[in-house]
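Chemist: Supplied structure: upload23.tsv, TSV, C-alpha atoms.
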```tsv
chain	number	residue	atom	x	y	z
K	1	MET	CA	-17.58	98.91	64.27
K	2	THR	CA	-14.22	97.87	65.46
K	3	GLU	CA	-11.22	100.17	65.78
K	4	GLU	CA	-8.20	99.36	63.69
K	5	THR	CA	-5.11	98.49	65.67
K	6	PRO	CA	-1.98	99.72	64.14
K	7	GLY	CA	0.31	96.99	62.85
K	8	PHE	CA	3.66	96.04	64.24
K	9	ASP	CA	5.39	97.41	61.15
K	10	GLU	CA	4.08	100.79	61.81
K	11	GLN	CA	5.86	102.34	64.74
K	12	GLN	CA	5.08	105.64	66.02
K	13	GLN	CA	7.99	108.07	65.93
K	14	PRO	CA	8.56	110.09	69.08
K	15	ASP	CA	8.06	113.69	68.83
K	16	VAL	CA	11.40	115.42	68.53
K	17	PRO	CA	11.67	119.04	69.37
K	18	SER	CA	12.50	121.18	66.46
K	19	GLY	CA	15.55	122.66	68.16
K	20	ALA	CA	17.13	119.32	69.26
K	21	PRO	CA	19.85	117.83	67.13
K	22	SER	CA	19.07	114.78	65.25
K	23	ASP	CA	21.01	111.54	65.47
K	24	ASP	CA	22.27	111.97	61.96
K	25	ALA	CA	23.80	115.40	62.66
K	26	GLU	CA	27.64	115.62	63.05
K	27	PRO	CA	28.88	115.88	66.65
K	28	GLN	CA	30.21	119.28	67.60
K	29	ALA	CA	33.78	119.72	68.87
K	30	ALA	CA	34.09	119.34	72.59
K	31	ALA	CA	35.03	122.40	74.57
K	32	PRO	CA	38.72	122.50	75.79
K	33	SER	CA	39.28	121.25	79.28
K	34	ARG	CA	41.03	123.15	82.06
K	35	GLU	CA	44.19	121.04	81.69
K	36	GLU	CA	44.42	121.91	77.99
K	37	GLU	CA	43.97	125.59	78.80
K	38	ALA	CA	46.80	125.37	81.37
K	39	ALA	CA	49.19	123.63	78.94
K	40	PRO	CA	50.62	126.81	77.29
K	41	ALA	CA	51.46	128.32	80.67
K	42	GLY	CA	53.28	125.13	81.67
K	43	ASP	CA	55.36	125.14	78.46
K	44	THR	CA	56.45	128.73	79.12
K	45	GLU	CA	57.63	127.90	82.62
K	46	GLN	CA	59.50	124.85	81.33
K	47	ASN	CA	61.22	126.94	78.63
K	48	ALA	CA	62.23	129.53	81.20
K	49	ALA	CA	63.71	126.79	83.38
K	50	LEU	CA	65.67	125.40	80.43
K	51	VAL	CA	67.03	128.87	79.57
K	52	ALA	CA	68.12	129.34	83.19
K	53	GLN	CA	69.88	125.97	83.18
K	54	LEU	CA	71.59	126.86	79.90
K	55	ASP	CA	72.82	130.15	81.37
K	56	GLN	CA	74.17	128.32	84.40
K	57	ALA	CA	75.93	125.81	82.16
K	58	ARG	CA	77.51	128.64	80.12
K	59	THR	CA	78.65	130.41	83.29
K	60	ALA	CA	80.19	127.21	84.62
K	61	LEU	CA	81.89	126.59	81.27
K	62	ASN	CA	83.39	130.10	81.24
K	63	GLU	CA	84.66	129.64	84.80
K	64	ARG	CA	86.25	126.28	83.98
K	65	THR	CA	87.81	127.75	80.83
K	66	ALA	CA	89.30	130.62	82.84
K	67	ASP	CA	90.62	128.14	85.41
K	68	LEU	CA	92.21	126.05	82.67
K	69	GLN	CA	93.85	129.08	81.08
K	70	ARG	CA	95.20	130.17	84.47
K	71	LEU	CA	96.60	126.70	85.13
K	72	GLN	CA	98.24	126.63	81.70
K	73	ALA	CA	99.86	130.02	82.34
K	74	GLU	CA	101.11	128.87	85.75
K	75	PHE	CA	102.51	125.69	84.21
K	76	GLN	CA	104.32	127.64	81.50
K	77	ASN	CA	105.83	129.96	84.11
K	78	TYR	CA	106.85	126.96	86.22
K	79	ARG	CA	108.48	125.23	83.27
K	80	ARG	CA	110.41	128.36	82.30
K	81	ARG	CA	111.53	128.83	85.90
K	82	VAL	CA	112.69	125.21	86.12
K	83	GLU	CA	114.61	125.51	82.84
K	84	ARG	CA	116.21	128.75	84.01
K	85	ASP	CA	117.20	127.22	87.35
K	86	ARG	CA	118.54	124.13	85.59
K	87	ALA	CA	120.68	126.27	83.29
K	88	ALA	CA	121.95	128.29	86.26
K	89	VAL	CA	122.87	125.13	88.18
K	90	LYS	CA	124.66	123.74	85.14
K	91	GLU	CA	126.58	126.98	84.60
K	92	THR	CA	127.57	127.11	88.26
K	93	ALA	CA	128.78	123.50	88.21
K	94	VAL	CA	130.85	124.11	85.06
K	95	ALA	CA	132.29	127.31	86.52
K	96	ASN	CA	133.30	125.53	89.72
K	97	LEU	CA	134.97	122.73	87.77
K	98	LEU	CA	136.88	125.11	85.51
K	99	THR	CA	137.91	127.25	88.47
K	100	GLU	CA	139.61	124.20	89.97
K	101	LEU	CA	141.43	123.66	86.67
K	102	LEU	CA	142.82	127.20	86.41
K	103	PRO	CA	146.07	126.42	88.30
K	104	VAL	CA	146.69	123.54	85.89
K	105	LEU	CA	146.10	125.84	82.92
K	106	ASP	CA	148.51	128.36	84.45
K	107	ASP	CA	151.19	125.66	84.73
K	108	ILE	CA	150.60	124.72	81.09
K	109	GLY	CA	151.00	128.36	80.08
K	110	ARG	CA	154.28	128.74	81.98
K	111	ALA	CA	155.60	125.48	80.49
K	112	ARG	CA	154.74	126.79	77.03
K	113	GLU	CA	156.57	130.07	77.67
K	114	HIS	CA	159.72	128.20	78.76
K	115	GLY	CA	159.59	125.75	75.87
K	116	GLU	CA	158.90	122.76	78.11
K	117	LEU	CA	155.60	121.81	76.50
K	118	VAL	CA	156.81	118.92	74.35
K	119	GLY	CA	156.05	115.26	73.68
K	120	GLY	CA	153.10	113.53	75.27
K	121	PHE	CA	152.72	116.30	77.86
K	122	LYS	CA	152.01	118.72	75.01
K	123	SER	CA	149.25	116.51	73.61
K	124	VAL	CA	147.59	116.12	77.01
K	125	ALA	CA	147.85	119.86	77.68
K	126	GLU	CA	146.31	120.79	74.34
K	127	SER	CA	143.49	118.29	74.84
K	128	LEU	CA	142.74	119.80	78.24
K	129	GLU	CA	142.71	123.33	76.82
K	130	THR	CA	140.41	122.23	73.98
K	131	THR	CA	137.99	120.60	76.40
K	132	ALA	CA	137.92	123.71	78.61
K	133	ALA	CA	137.20	125.86	75.55
K	134	LYS	CA	134.30	123.59	74.58
K	135	LEU	CA	132.84	124.13	78.05
K	136	GLY	CA	132.85	127.87	77.37
K	137	LEU	CA	136.09	128.93	79.06
K	138	GLN	CA	137.61	132.03	77.44
K	139	GLN	CA	141.00	133.55	78.22
K	140	PHE	CA	141.48	137.32	78.16
K	141	GLY	CA	144.13	139.90	79.00
K	142	LYS	CA	146.64	141.41	76.58
K	143	GLU	CA	149.52	143.82	76.94
K	144	GLY	CA	148.78	147.36	75.81
K	145	GLU	CA	145.03	147.31	76.51
K	146	PRO	CA	143.54	149.96	78.81
K	147	PHE	CA	143.23	148.99	82.45
K	148	ASP	CA	139.66	148.05	83.44
K	149	PRO	CA	139.17	147.44	87.17
K	150	THR	CA	136.13	145.25	86.47
K	151	ILE	CA	138.21	142.62	84.64
K	152	HIS	CA	141.80	143.46	85.65
K	153	GLU	CA	143.61	143.17	88.97
K	154	ALA	CA	146.67	145.40	89.23
K	155	LEU	CA	149.54	143.73	91.09
K	156	MET	CA	152.31	146.14	90.00
K	157	HIS	CA	152.25	149.86	89.33
K	158	SER	CA	154.67	152.17	87.52
K	159	TYR	CA	154.88	155.33	85.39
K	160	ALA	CA	155.74	155.49	81.71
K	161	PRO	CA	156.20	158.50	79.43
K	162	ASP	CA	154.78	156.75	76.37
K	163	VAL	CA	151.26	156.08	77.71
K	164	THR	CA	148.36	158.48	77.79
K	165	GLU	CA	146.15	156.49	80.19
K	166	THR	CA	146.46	153.71	82.72
K	167	THR	CA	147.59	150.77	80.60
K	168	CYS	CA	148.32	147.08	81.15
K	169	VAL	CA	152.01	146.74	80.33
K	170	ALA	CA	152.46	143.11	81.47
K	171	ILE	CA	150.10	140.14	81.98
K	172	LEU	CA	151.17	138.26	85.09
K	173	GLN	CA	148.24	135.82	84.97
K	174	PRO	CA	145.59	135.70	82.24
K	175	GLY	CA	141.97	136.17	83.15
K	176	TYR	CA	139.20	133.71	82.37
K	177	ARG	CA	135.48	134.09	81.79
K	178	ILE	CA	132.51	131.92	80.89
K	179	GLY	CA	130.17	133.87	78.68
K	180	GLU	CA	129.71	137.23	80.42
K	181	ARG	CA	130.73	135.85	83.82
K	182	THR	CA	134.30	136.51	84.93
K	183	ILE	CA	135.61	133.66	87.05
K	184	ARG	CA	139.08	135.21	87.50
K	185	PRO	CA	140.32	138.70	86.62
K	186	ALA	CA	143.51	139.16	84.68
K	187	ARG	CA	146.38	139.96	87.02
K	188	VAL	CA	148.48	142.64	85.40
K	189	ALA	CA	151.17	145.26	85.85
K	190	VAL	CA	149.95	148.75	84.97
K	191	ALA	CA	151.66	151.97	84.02
K	192	GLU	CA	150.31	155.50	84.28
K	193	PRO	CA	151.42	158.60	82.38
K	194	GLN	CA	154.56	160.22	83.77
K	195	PRO	CA	153.57	162.91	86.26
K	196	GLY	CA	154.57	166.42	85.17
K	197	ALA	CA	155.04	165.39	81.55
K	198	GLN	CA	153.12	168.47	80.41
K	199	THR	CA	154.64	171.27	82.52
K	200	ALA	CA	154.70	175.04	82.07
K	201	LEU	CA	157.27	176.62	79.78
K	202	PRO	CA	160.54	177.80	81.38
K	203	ALA	CA	160.71	181.48	82.31
K	204	GLU	CA	163.35	182.41	79.68
K	205	GLU	CA	161.45	180.60	76.92
K	206	GLY	CA	158.27	182.32	77.98
K	207	THR	CA	159.99	185.72	77.92
K	208	GLU	CA	161.43	185.14	74.45
K	209	GLN	CA	158.03	184.05	73.17
K	210	ALA	CA	156.44	187.18	74.65
K	211	ASP	CA	159.10	189.42	73.04
K	212	GLY	CA	158.47	187.81	69.67
K	213	GLU	CA	154.80	188.47	69.95
K	214	ASN	CA	155.44	192.10	70.84
K	215	LYS	CA	157.69	192.55	67.79
K	216	GLU	CA	155.05	191.10	65.53
K	217	ASN	CA	152.47	193.46	66.98
K	218	GLY	CA	154.76	196.51	66.53
K	219	GLY	CA	156.37	196.49	69.95
K	220	PRO	CA	155.39	198.53	72.97
K	221	GLU	CA	154.51	202.19	72.46
K	222	GLU	CA	157.25	204.69	73.38
K	223	GLY	CA	156.42	207.30	75.94
```
Could you show the structure in this file as structure tokens?

Modeler:
Amino acid sequence: MTEETPGFDEQQQPDVPSGAPSDDAEPQAAAPSREEEAAPAGDTEQNAALVAQLDQARTALNERTADLQRLQAEFQNYRRRVERDRAAVKETAVANLLTELLPVLDDIGRAREHGELVGGFKSVAESLETTAAKLGLQQFGKEGEPFDPTIHEALMHSYAPDVTETTCVAILQPGYRIGERTIRPARVAVAEPQPGAQTALPAEEGTEQADGENKENGGPEEG
């Protein structure tokens, strides 16, 4: 009796342990590697570095902003100082020019007082006075005003019974100013109150006045 040989279409299946996974089973998820476990720690360090850089950028921006504000303030102060100095230089130049013209203006004033300001000379003189006024020149000094040593220069002195304080009684040369700046004081003649104007009553008048008072009060008592 011959043994039957298994056919080629019948293949023996290997014995598979019961606990082993079959080929048809779904593959399980692979365990995370060490690099993937270290990834969150790396992100935290990177975020911290970015925050530090952002803080540095904000600090630098605040410093540059403060520097810019300081430079703007310094520029504004410089511009105001330059404008102030420019105005002072201009005022000084105008004052010097008008100071040189004061003798000419005095001659024009004297010619006007004597009636000699006529014809073409009058037109030129008035044009000069108008131009000086446009530049800010102002004339001051009038008879009868109180004497002020800050704007008046007394050249003559006298006493008068009709004044109660030191008074300018004659203007010898008018004064001139530019704004609040006096470039020449007014040269004047002054008069003071007459000394001894208010003196004591004479002896007889004083005695009569005393007697009248005594009569009104009933007179002295008799002994």

Chemist: What's the separation between atom CA of Glu145 of chain K and atom CA of Tyr176 of chain K, in Å to one decimal place?

Modeler: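 That distance, rounded to one decimal, is 15.9 Å.
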
Chemist: Which residues are near Thr166 of chain K? Cut-off 8 Å, only C-alpha atoms, ignore same chain within fewer than 5 positions. Put them as a VMD selection string.

Modeler: chain K and resid 146 to 147 190 to 193

Chemist: Output C-alpha atoms for every residue in that selection, as an mmCIF file, keeping the file's coordinate frame.

Modeler:
```cif
data_model
loop_
_atom_site.group_PDB
_atom_site.id
_atom_site.type_symbol
_atom_site.label_atom_id
_atom_site.label_comp_id
_atom_site.auth_asym_id
_atom_site.auth_seq_id
_atom_site.Cartn_x
_atom_site.Cartn_y
_atom_site.Cartn_z
ATOM 1 C CA PRO K 146 143.540 149.960 78.810
ATOM 2 C CA PHE K 147 143.230 148.990 82.450
ATOM 3 C CA VAL K 190 149.950 148.750 84.970
ATOM 4 C CA ALA K 191 151.660 151.970 84.020
ATOM 5 C CA GLU K 192 150.310 155.500 84.280
ATOM 6 C CA PRO K 193 151.420 158.600 82.380
#
```

Chemist: Quick one, how far is atom CA of Arg81 of chain K from atom CA of Glu180 of chain K?

Modeler: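 About the pair atom CA of Arg81 of chain K and atom CA of Glu180 of chain K: they are 20.8 Å apart.
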
Chemist: Do you know which residues are at most 12 Å from segment 88-96 of chain K counting all atoms listed in the file, after dropping those on the same chain fewer than 6 positions away, and could you put them as a count of residues only?

Modeler: 20

Chemist: Grab the atom CA of Asp107 of chain K to atom CA of Glu143 of chain K distance for me, in Å with one decimal place.

Modeler: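 Between these atoms lies a distance of 19.8 Å.
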
Chemist: Could you get me a file of segment 102-215 of chain K with C-alpha atoms, as an mmCIF file, in the first residue's frame, taken from the block above?

Modeler:
```
data_model
loop_
_atom_site.group_PDB
_atom_site.id
_atom_site.type_symbol
_atom_site.label_atom_id
_atom_site.label_comp_id
_atom_site.auth_asym_id
_atom_site.auth_seq_id
_atom_site.Cartn_x
_atom_site.Cartn_y
_atom_site.Cartn_z
ATOM 1 C CA LEU K 102 18.287 162.563 16.102
ATOM 2 C CA PRO K 103 20.345 165.724 15.428
ATOM 3 C CA VAL K 104 18.629 166.038 12.046
ATOM 4 C CA LEU K 105 15.224 165.673 13.704
ATOM 5 C CA ASP K 106 16.215 168.334 16.235
ATOM 6 C CA ASP K 107 17.116 170.720 13.402
ATOM 7 C CA ILE K 108 13.758 170.019 11.763
ATOM 8 C CA GLY K 109 11.995 170.785 15.046
ATOM 9 C CA ARG K 110 13.821 174.097 15.488
ATOM 10 C CA ALA K 111 13.089 175.068 11.877
ATOM 11 C CA ARG K 112 9.412 174.334 12.482
ATOM 12 C CA GLU K 113 9.367 176.486 15.626
ATOM 13 C CA HIS K 114 10.882 179.435 13.724
ATOM 14 C CA GLY K 115 8.586 179.041 10.733
ATOM 15 C CA GLU K 116 11.401 178.065 8.387
ATOM 16 C CA LEU K 117 9.984 174.679 7.451
ATOM 17 C CA VAL K 118 8.521 175.578 4.060
ATOM 18 C CA GLY K 119 8.641 174.446 0.434
ATOM 19 C CA GLY K 120 10.511 171.344 -0.605
ATOM 20 C CA PHE K 121 12.442 171.255 2.679
ATOM 21 C CA LYS K 122 9.130 170.783 4.487
ATOM 22 C CA SER K 123 8.183 167.805 2.314
ATOM 23 C CA VAL K 124 11.558 166.133 2.840
ATOM 24 C CA ALA K 125 11.418 166.774 6.586
ATOM 25 C CA GLU K 126 7.927 165.323 6.929
ATOM 26 C CA SER K 127 8.902 162.260 4.893
ATOM 27 C CA LEU K 128 11.888 161.689 7.161
ATOM 28 C CA GLU K 129 9.747 162.005 10.286
ATOM 29 C CA THR K 130 7.166 159.596 8.840
ATOM 30 C CA THR K 131 9.841 157.030 8.022
ATOM 31 C CA ALA K 132 11.327 157.297 11.523
ATOM 32 C CA ALA K 133 7.874 156.781 13.027
ATOM 33 C CA LYS K 134 7.361 153.655 10.907
ATOM 34 C CA LEU K 135 10.610 152.275 12.322
ATOM 35 C CA GLY K 136 9.143 152.667 15.809
ATOM 36 C CA LEU K 137 10.619 156.008 16.882
ATOM 37 C CA GLN K 138 8.395 157.829 19.385
ATOM 38 C CA GLN K 139 8.892 161.358 20.693
ATOM 39 C CA PHE K 140 8.034 162.220 24.288
ATOM 40 C CA GLY K 141 8.344 165.121 26.708
ATOM 41 C CA LYS K 142 5.699 167.759 27.408
ATOM 42 C CA GLU K 143 5.585 170.874 29.531
ATOM 43 C CA GLY K 144 3.710 170.491 32.804
ATOM 44 C CA GLU K 145 4.337 166.765 33.287
ATOM 45 C CA PRO K 146 5.984 165.557 36.506
ATOM 46 C CA PHE K 147 9.747 165.168 36.379
ATOM 47 C CA ASP K 148 10.850 161.528 36.038
ATOM 48 C CA PRO K 149 14.621 160.996 36.292
ATOM 49 C CA THR K 150 14.359 157.749 34.318
ATOM 50 C CA ILE K 151 13.165 159.541 31.167
ATOM 51 C CA HIS K 152 14.036 163.204 31.838
ATOM 52 C CA GLU K 153 17.374 164.986 32.087
ATOM 53 C CA ALA K 154 17.200 168.264 34.003
ATOM 54 C CA LEU K 155 19.424 170.959 32.492
ATOM 55 C CA MET K 156 17.883 173.948 34.312
ATOM 56 C CA HIS K 157 16.428 174.263 37.793
ATOM 57 C CA SER K 158 14.212 176.897 39.402
ATOM 58 C CA TYR K 159 11.453 177.419 41.995
ATOM 59 C CA ALA K 160 7.840 178.273 41.273
ATOM 60 C CA PRO K 161 4.976 179.027 43.652
ATOM 61 C CA ASP K 162 2.344 177.420 41.442
ATOM 62 C CA VAL K 163 3.733 173.859 41.429
ATOM 63 C CA THR K 164 3.250 171.214 44.076
ATOM 64 C CA GLU K 165 5.983 168.833 42.883
ATOM 65 C CA THR K 166 9.057 168.870 40.696
ATOM 66 C CA THR K 167 7.632 169.677 37.262
ATOM 67 C CA CYS K 168 8.978 170.034 33.730
ATOM 68 C CA VAL K 169 8.306 173.667 32.845
ATOM 69 C CA ALA K 170 10.208 173.744 29.521
ATOM 70 C CA ILE K 171 11.304 171.104 26.984
ATOM 71 C CA LEU K 172 14.763 171.991 25.724
ATOM 72 C CA GLN K 173 15.119 168.827 23.624
ATOM 73 C CA PRO K 174 12.433 166.166 23.187
ATOM 74 C CA GLY K 175 13.158 162.619 24.197
ATOM 75 C CA TYR K 176 12.882 159.606 21.918
ATOM 76 C CA ARG K 177 12.167 155.938 22.540
ATOM 77 C CA ILE K 178 11.704 152.755 20.537
ATOM 78 C CA GLY K 179 9.084 150.624 22.194
ATOM 79 C CA GLU K 180 10.060 150.508 25.874
ATOM 80 C CA ARG K 181 13.695 151.403 25.166
ATOM 81 C CA THR K 182 14.697 155.030 25.688
ATOM 82 C CA ILE K 183 17.394 156.054 23.238
ATOM 83 C CA ARG K 184 17.563 159.666 24.493
ATOM 84 C CA PRO K 185 15.976 161.245 27.567
ATOM 85 C CA ALA K 186 14.035 164.461 27.273
ATOM 86 C CA ARG K 187 16.202 167.413 28.274
ATOM 87 C CA VAL K 188 14.079 169.763 30.316
ATOM 88 C CA ALA K 189 14.001 172.710 32.680
ATOM 89 C CA VAL K 190 12.379 171.843 36.007
ATOM 90 C CA ALA K 191 10.781 173.869 38.761
ATOM 91 C CA GLU K 192 10.257 172.885 42.376
ATOM 92 C CA PRO K 193 7.751 174.294 44.874
ATOM 93 C CA GLN K 194 8.821 177.597 46.428
ATOM 94 C CA PRO K 195 10.655 176.899 49.679
ATOM 95 C CA GLY K 196 8.855 178.245 52.754
ATOM 96 C CA ALA K 197 5.547 178.586 50.924
ATOM 97 C CA GLN K 198 3.741 176.988 53.863
ATOM 98 C CA THR K 199 5.225 178.793 56.878
ATOM 99 C CA ALA K 200 3.979 179.233 60.441
ATOM 100 C CA LEU K 201 1.448 181.945 61.226
ATOM 101 C CA PRO K 202 2.811 185.326 62.384
ATOM 102 C CA ALA K 203 2.937 185.872 66.146
ATOM 103 C CA GLU K 204 0.210 188.578 66.215
ATOM 104 C CA GLU K 205 -2.128 186.487 64.055
ATOM 105 C CA GLY K 206 -1.515 183.509 66.278
ATOM 106 C CA THR K 207 -2.270 185.569 69.391
ATOM 107 C CA GLU K 208 -5.514 186.924 67.937
ATOM 108 C CA GLN K 209 -6.584 183.422 66.943
ATOM 109 C CA ALA K 210 -5.838 182.166 70.463
ATOM 110 C CA ASP K 211 -7.844 185.037 72.024
ATOM 111 C CA GLY K 212 -10.801 184.228 69.798
ATOM 112 C CA GLU K 213 -10.739 180.643 70.874
ATOM 113 C CA ASN K 214 -10.632 181.654 74.520
ATOM 114 C CA LYS K 215 -13.671 183.924 74.080
#
```
